[in-house]
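Structure file upload-v5.cif; described as mmCIF, C-alpha atoms.
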data_input
loop_
_atom_site.label_atom_id
_atom_site.label_comp_id
_atom_site.auth_asym_id
_atom_site.auth_seq_id
_atom_site.Cartn_x
_atom_site.Cartn_y
_atom_site.Cartn_z
CA MET U 16 27.21 20.48 -45.20
CA ASP U 17 26.64 23.80 -47.00
CA PRO U 18 26.47 26.62 -44.39
CA ALA U 19 23.23 27.99 -45.82
CA ALA U 20 21.64 24.53 -45.75
CA ASN U 21 22.85 24.04 -42.19
CA ARG U 22 21.32 27.35 -41.11
CA LEU U 23 18.04 26.38 -42.76
CA ARG U 24 18.03 23.02 -40.98
CA HIS U 25 18.73 24.75 -37.68
CA VAL U 26 15.82 27.14 -38.21
CA VAL U 27 13.50 24.25 -39.03
CA VAL U 28 14.54 22.30 -35.93
CA VAL U 29 14.19 25.34 -33.68
CA ALA U 30 10.77 26.04 -35.15
CA THR U 31 9.77 22.45 -34.44
CA LEU U 32 10.94 22.76 -30.84
CA ILE U 33 9.03 26.01 -30.39
CA ILE U 34 5.85 24.53 -31.85
CA GLY U 35 6.20 21.46 -29.62
CA ALA U 36 6.83 23.61 -26.56
CA PHE U 37 3.84 25.80 -27.42
CA GLY U 38 1.61 22.77 -27.73
CA ALA U 39 2.81 21.42 -24.43
CA GLY U 40 2.34 24.82 -22.81
CA VAL U 41 -1.28 24.97 -23.93
CA TYR U 42 -1.91 21.49 -22.53
CA PHE U 43 -0.38 22.35 -19.18
CA ALA U 44 -2.25 25.64 -18.98
CA LEU U 45 -5.59 24.01 -19.71
CA GLY U 46 -5.05 21.05 -17.38
CA PRO U 47 -6.00 22.83 -14.13
CA ALA U 48 -8.99 24.61 -15.70
CA GLY U 49 -10.67 21.30 -16.49
CA GLY U 50 -10.36 19.92 -12.95
CA ASP U 51 -10.30 21.16 -9.38
CA SER U 52 -10.96 24.90 -9.14
CA GLN U 53 -8.11 25.17 -6.62
CA ALA U 54 -5.61 23.83 -9.14
CA ASN U 55 -4.45 27.22 -10.40
CA ILE U 56 -0.77 26.85 -9.55
CA PRO U 57 1.45 27.84 -12.50
CA GLY U 58 3.02 24.70 -13.92
CA LEU U 59 0.72 22.23 -12.17
CA LEU U 60 -0.44 19.39 -14.40
CA TRP U 61 -3.85 18.42 -13.06
CA PRO U 62 -6.08 16.42 -13.04
CA ASN U 63 -4.74 12.98 -13.86
CA PRO U 64 -1.01 13.72 -14.08
CA PRO U 65 0.51 11.07 -16.37
CA ARG U 66 2.50 8.26 -14.78
CA VAL U 67 6.12 7.88 -15.87
CA ASP U 68 6.39 4.24 -16.94
CA THR U 69 8.90 4.19 -19.81
CA PHE U 70 12.02 4.92 -17.82
CA ALA U 71 15.15 2.84 -18.38
CA LEU U 72 18.45 4.72 -18.38
CA THR U 73 22.00 4.37 -17.02
CA ASN U 74 23.14 6.74 -14.28
CA ALA U 75 26.46 8.49 -13.76
CA ASP U 76 27.76 5.50 -11.77
CA GLY U 77 27.02 3.14 -14.64
CA GLN U 78 24.02 1.61 -12.83
CA PRO U 79 20.50 1.10 -14.19
CA LEU U 80 18.01 3.83 -13.40
CA ASP U 81 14.28 3.26 -13.79
CA THR U 82 10.91 4.20 -12.31
CA ALA U 83 11.94 2.85 -8.90
CA TYR U 84 14.33 5.82 -8.65
CA LEU U 85 11.36 8.18 -8.82
CA THR U 86 8.97 6.42 -6.45
CA GLY U 87 8.58 8.09 -3.07
CA LYS U 88 10.61 11.14 -4.11
CA TRP U 89 10.09 14.63 -5.45
CA THR U 90 12.30 14.79 -8.53
CA LEU U 91 13.26 17.85 -10.56
CA VAL U 92 14.32 16.70 -14.02
CA PHE U 93 16.14 18.63 -16.73
CA PHE U 94 17.15 17.34 -20.17
CA GLY U 95 20.32 18.69 -21.78
CA PHE U 96 23.94 17.82 -22.57
CA THR U 97 27.35 18.59 -21.08
CA HIS U 98 28.61 20.52 -24.12
CA CYS U 99 25.64 22.90 -23.86
CA PRO U 100 27.05 26.45 -23.96
CA ASP U 101 24.50 28.33 -21.88
CA VAL U 102 21.02 26.97 -21.10
CA CYS U 103 22.14 23.80 -19.32
CA PRO U 104 24.75 25.28 -16.96
CA THR U 105 22.45 28.21 -16.17
CA THR U 106 19.53 25.88 -15.40
CA LEU U 107 21.59 23.52 -13.26
CA ALA U 108 22.91 26.48 -11.28
CA THR U 109 19.30 27.57 -10.77
CA LEU U 110 18.31 24.06 -9.65
CA LYS U 111 21.11 24.13 -7.10
CA SER U 112 19.50 27.26 -5.65
CA VAL U 113 16.05 25.65 -5.80
CA ARG U 114 17.33 22.67 -3.83
CA GLU U 115 18.88 24.96 -1.20
CA LEU U 116 15.55 26.76 -0.82
CA LEU U 117 13.57 23.54 -0.38
CA ILE U 118 15.79 21.01 1.33
CA THR U 119 15.50 22.40 4.86
CA ALA U 120 11.75 21.89 5.18
CA ASP U 121 9.26 19.05 4.95
CA PRO U 122 8.33 17.22 2.80
CA PHE U 123 11.60 17.74 0.94
CA LYS U 124 14.26 17.07 3.59
CA SER U 125 14.70 13.45 2.56
CA THR U 126 12.69 13.28 -0.65
CA LEU U 127 14.02 15.98 -3.00
CA GLN U 128 16.37 14.95 -5.82
CA VAL U 129 17.62 16.55 -9.04
CA LEU U 130 18.17 14.48 -12.18
CA PHE U 131 19.98 15.69 -15.30
CA VAL U 132 19.25 13.55 -18.38
CA SER U 133 21.73 13.86 -21.23
CA VAL U 134 20.36 13.68 -24.78
CA ASP U 135 23.92 13.39 -26.12
CA PRO U 136 24.96 9.81 -25.36
CA GLU U 137 27.74 9.92 -27.98
CA ARG U 138 29.79 12.29 -25.83
CA ASP U 139 28.24 12.05 -22.37
CA ASN U 140 29.50 8.84 -20.83
CA PRO U 141 28.98 8.16 -17.10
CA ALA U 142 32.32 9.71 -16.08
CA ALA U 143 31.61 12.90 -18.02
CA LEU U 144 28.12 13.14 -16.55
CA LYS U 145 29.31 12.61 -12.98
CA SER U 146 31.99 15.28 -13.29
CA TYR U 147 29.56 17.70 -14.91
CA VAL U 148 26.71 17.56 -12.39
CA SER U 149 29.05 17.32 -9.39
CA TYR U 150 30.44 20.72 -10.33
CA PHE U 151 27.00 22.22 -9.61
CA ASP U 152 26.00 20.05 -6.67
CA PRO U 153 27.44 16.69 -5.53
CA SER U 154 23.92 15.53 -4.69
CA PHE U 155 22.73 15.84 -8.30
CA ASN U 156 22.26 12.64 -10.28
CA ALA U 157 22.68 12.27 -14.03
CA ALA U 158 21.76 9.64 -16.58
CA THR U 159 21.63 8.88 -20.27
CA GLY U 160 20.78 5.90 -22.44
CA THR U 161 20.61 4.48 -25.90
CA GLU U 162 18.81 6.47 -28.56
CA ALA U 163 15.80 4.18 -28.19
CA GLU U 164 15.73 4.62 -24.41
CA LEU U 165 16.08 8.39 -24.65
CA LYS U 166 13.39 8.71 -27.30
CA ALA U 167 11.01 6.64 -25.19
CA ILE U 168 11.35 8.76 -22.06
CA ALA U 169 11.47 12.02 -24.03
CA ARG U 170 8.24 11.11 -25.80
CA GLU U 171 6.57 10.19 -22.53
CA LEU U 172 7.57 13.46 -20.86
CA GLY U 173 6.93 15.74 -23.84
CA ILE U 174 10.61 16.53 -24.40
CA ILE U 175 11.88 17.34 -27.90
CA TYR U 176 15.54 17.26 -28.91
CA ALA U 177 17.50 17.19 -32.16
CA LYS U 178 21.16 16.95 -33.13
CA ILE U 179 22.35 19.96 -35.16
CA PRO U 180 25.43 19.25 -37.32
CA THR U 181 27.94 21.90 -38.36
CA ALA U 182 30.42 22.15 -41.24
CA ASP U 183 32.80 20.07 -39.10
CA PRO U 184 31.44 16.50 -38.76
CA ALA U 185 33.14 16.19 -35.37
CA VAL U 186 31.33 19.20 -33.96
CA TYR U 187 27.60 19.41 -33.36
CA ASN U 188 25.02 21.02 -31.11
CA VAL U 189 21.83 19.58 -29.62
CA ASP U 190 18.65 21.64 -29.48
CA HIS U 191 16.30 20.55 -26.70
CA THR U 192 13.29 21.53 -24.65
CA ALA U 193 14.43 23.75 -21.79
CA SER U 194 11.60 23.14 -19.31
CA VAL U 195 12.22 21.81 -15.79
CA LEU U 196 9.93 18.89 -14.96
CA LEU U 197 8.59 17.94 -11.53
CA ILE U 198 7.84 14.27 -10.93
CA GLY U 199 5.95 13.46 -7.76
CA PRO U 200 6.31 10.55 -5.30
CA ALA U 201 3.79 8.45 -7.25
CA ALA U 202 6.12 8.71 -10.29
CA THR U 203 3.69 11.04 -12.06
CA LEU U 204 4.59 14.11 -14.09
CA ILE U 205 2.84 16.69 -11.94
CA GLY U 206 4.63 19.94 -12.81
CA VAL U 207 6.30 21.64 -15.77
CA PHE U 208 8.21 24.92 -15.48
CA PRO U 209 9.18 26.54 -18.80
CA PRO U 210 11.96 29.13 -19.06
CA PRO U 211 12.92 31.70 -18.04
CA HIS U 212 13.75 30.05 -14.73
CA ARG U 213 13.96 31.78 -11.36
CA ALA U 214 14.91 29.73 -8.34
CA ASP U 215 12.48 31.45 -5.98
CA GLN U 216 9.56 30.97 -8.38
CA ILE U 217 10.29 27.31 -8.99
CA ALA U 218 10.74 26.64 -5.26
CA GLN U 219 7.45 28.36 -4.46
CA ARG U 220 5.57 26.41 -7.13
CA VAL U 221 7.07 23.12 -5.97
CA ARG U 222 5.91 23.88 -2.42
CA GLN U 223 2.42 24.75 -3.67
CA ILE U 224 2.18 21.64 -5.83
CA ALA U 225 3.35 19.39 -3.00
CA ALA U 226 0.79 20.91 -0.64
CA PHE U 227 -1.94 20.55 -3.25
CA ALA U 228 -0.98 16.95 -3.98
CA ALA U 229 -1.03 16.09 -0.27
CA THR U 230 -4.72 17.01 -0.07
CA HIS U 231 -5.73 15.53 -3.44
CA SER U 232 -4.03 12.14 -3.41
#
Render the structure in this file as structure tokens.
Amino acid sequence: MDPAANRLRHVVVVATLIIGAFGAGVYFALGPAGGDSQANIPGLLWPNPPRVDTFALTNADGQPLDTAYLTGKWTLVFFGFTHCPDVCPTTLATLKSVRELLITADPFKSTLQVLFVSVDPERDNPAALKSYVSYFDPSFNAATGTEAELKAIARELGIIYAKIPTADPAVYNVDHTASVLLIGPAATLIGVFPPPHRADQIAQRVRQIAAFAATHS
């Protein structure tokens, strides 16, 4: 591909991601204002957080992973890929710190989990995913799926991603939404935390959302 054409395509894709993220950000910001007056927690999606139904992937052990994995748990989800040069490793390191801040107290002692979803199934097989997330925290889970499966869950959760080719057909990047998602025990998308990410901020918002949800279930 001509380098100038490739740069133009990259700009278009990035612009699309920004527009999509902006639209999602407006939705999440307006959600609390239309419901309970107490629902002013940054990132809280309220009222009527959407249920996560279209969820059929394969985890890092090669086993099916679906909505049952989410039920009864607090799940922090991040979409990315193992060849990601900066955003993904930085975010997973942050999520390790978030987990350390939350895991010692209720209700997260036995209910908090972190899931990394790869949007690069061509390169990220189960073995690669397991090795990748284990480097950050052995407790982290990872999953990917077919293009159809990934598009279904990405659409449901408001995630946008796109493969970006380079002059070398064997080398490519993947642009993707960089928000951390919080799925509650009822398998509902109840929180969205856009970058930049700080572990203490995310941990505090997760605590606030869990406390809010406990009194509004």
What is the distance between atom CA of Phe151 of chain U and atom CA of Pro79 of chain U, in Å to one decimal?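 These two atoms are separated by 22.6 Å.
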Listing only residues of segment 211-231 of chain U within 9 Å of segment 115-124 of chain U, what is the closest atom pair and its distance in Å (to one decimal) for each, using all atoms listed in the file, sorted by chain and residue number ascending, as a Markdown table?
| residue | atom | partner | partner_atom | distance |
| --- | --- | --- | --- | --- |
| U:Ala214 | CA | U:Leu116 | CA | 8.1 |
| U:Asp215 | CA | U:Leu116 | CA | 7.6 |
| U:Ala218 | CA | U:Leu117 | CA | 6.4 |
| U:Gln219 | CA | U:Leu117 | CA | 8.8 |
| U:Val221 | CA | U:Leu117 | CA | 8.6 |
| U:Arg222 | CA | U:Leu117 | CA | 7.9 |
| U:Ala225 | CA | U:Pro122 | CA | 7.9 |
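Distance check against Tyr150 of chain U using all atoms listed in the file: of U:Val189, U:Leu107, U:Ile179, U:Ala167, the minimum falls on U:Leu107.
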Ranking U:Val134, U:Ala226, U:Leu204, U:Ile217 by minimum distance to Gly173 of chain U and counting all atoms listed in the file, which one comes first?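 Smallest separation from Gly173 of chain U among the options: U:Leu204.
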Suppose a student applies the PyMOL selection byres ((chain U and resi 228) around 10) to this structure; what residues should they get, written as an MDAnalysis selection string? chainID U and resid 54 59 61 199:200 205 222:227 229:232
Run the PyMOL selection byres ((chain U and resi 156) around 8) on the file and write out the hits as JSON, numbers by chain. {"U": [74, 75, 128, 129, 130, 131, 145, 148, 154, 155, 157, 158]}
Which residue is closest to Asp81 of chain U? Choose from U:Val207, U:Ile168, U:Ala193, U:Val102 and count only C-alpha atoms.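 Once distances to Asp81 of chain U are computed over only C-alpha atoms, the minimum belongs to U:Ile168.
Atom CA of Ser194 of chain U to atom CA of Val113 of chain U spans 14.4 Å [interatomic distance, one decimal].
Atom pair atom CA of Ile56 of chain U / atom CA of Arg220 of chain U has a distance of 6.8 Å (rounded to one decimal).
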I'd like the neighbourhood of Asp76 of chain U as a list of chain:residue names, where a residue qualifies if any of its atoms comes within 8 Å (using all atoms listed in the file), though same-chain residues fewer than 3 positions away should be ignored.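 So the residues in contact are U:Thr73, U:Pro141, U:Ala142, U:Lys145.
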For Asp68 of chain U, which residue among U:Gln216, U:Thr181, U:Thr203, U:Thr161 is the nearest when counting all atoms listed in the file?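 Using all atoms listed in the file, the shortest distance to Asp68 of chain U belongs to U:Thr203.
The shortest atom-to-atom distance to Gly95 of chain U, with all atoms listed in the file taken into account, belongs to U:Thr159 out of U:Thr109, U:Thr159, U:Thr69, U:Thr82.
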The residue from U:Ser125, U:Phe70, U:Pro210, U:Ala202 with the smallest atom-to-atom distance to Ala163 of chain U, counting only C-alpha atoms, is U:Phe70
Specify as number ranges by chain each residue included when the PyMOL selection byres ((chain U and resi 197) around 6) is applied to this file. U: 90-91, 196, 198, 205-206
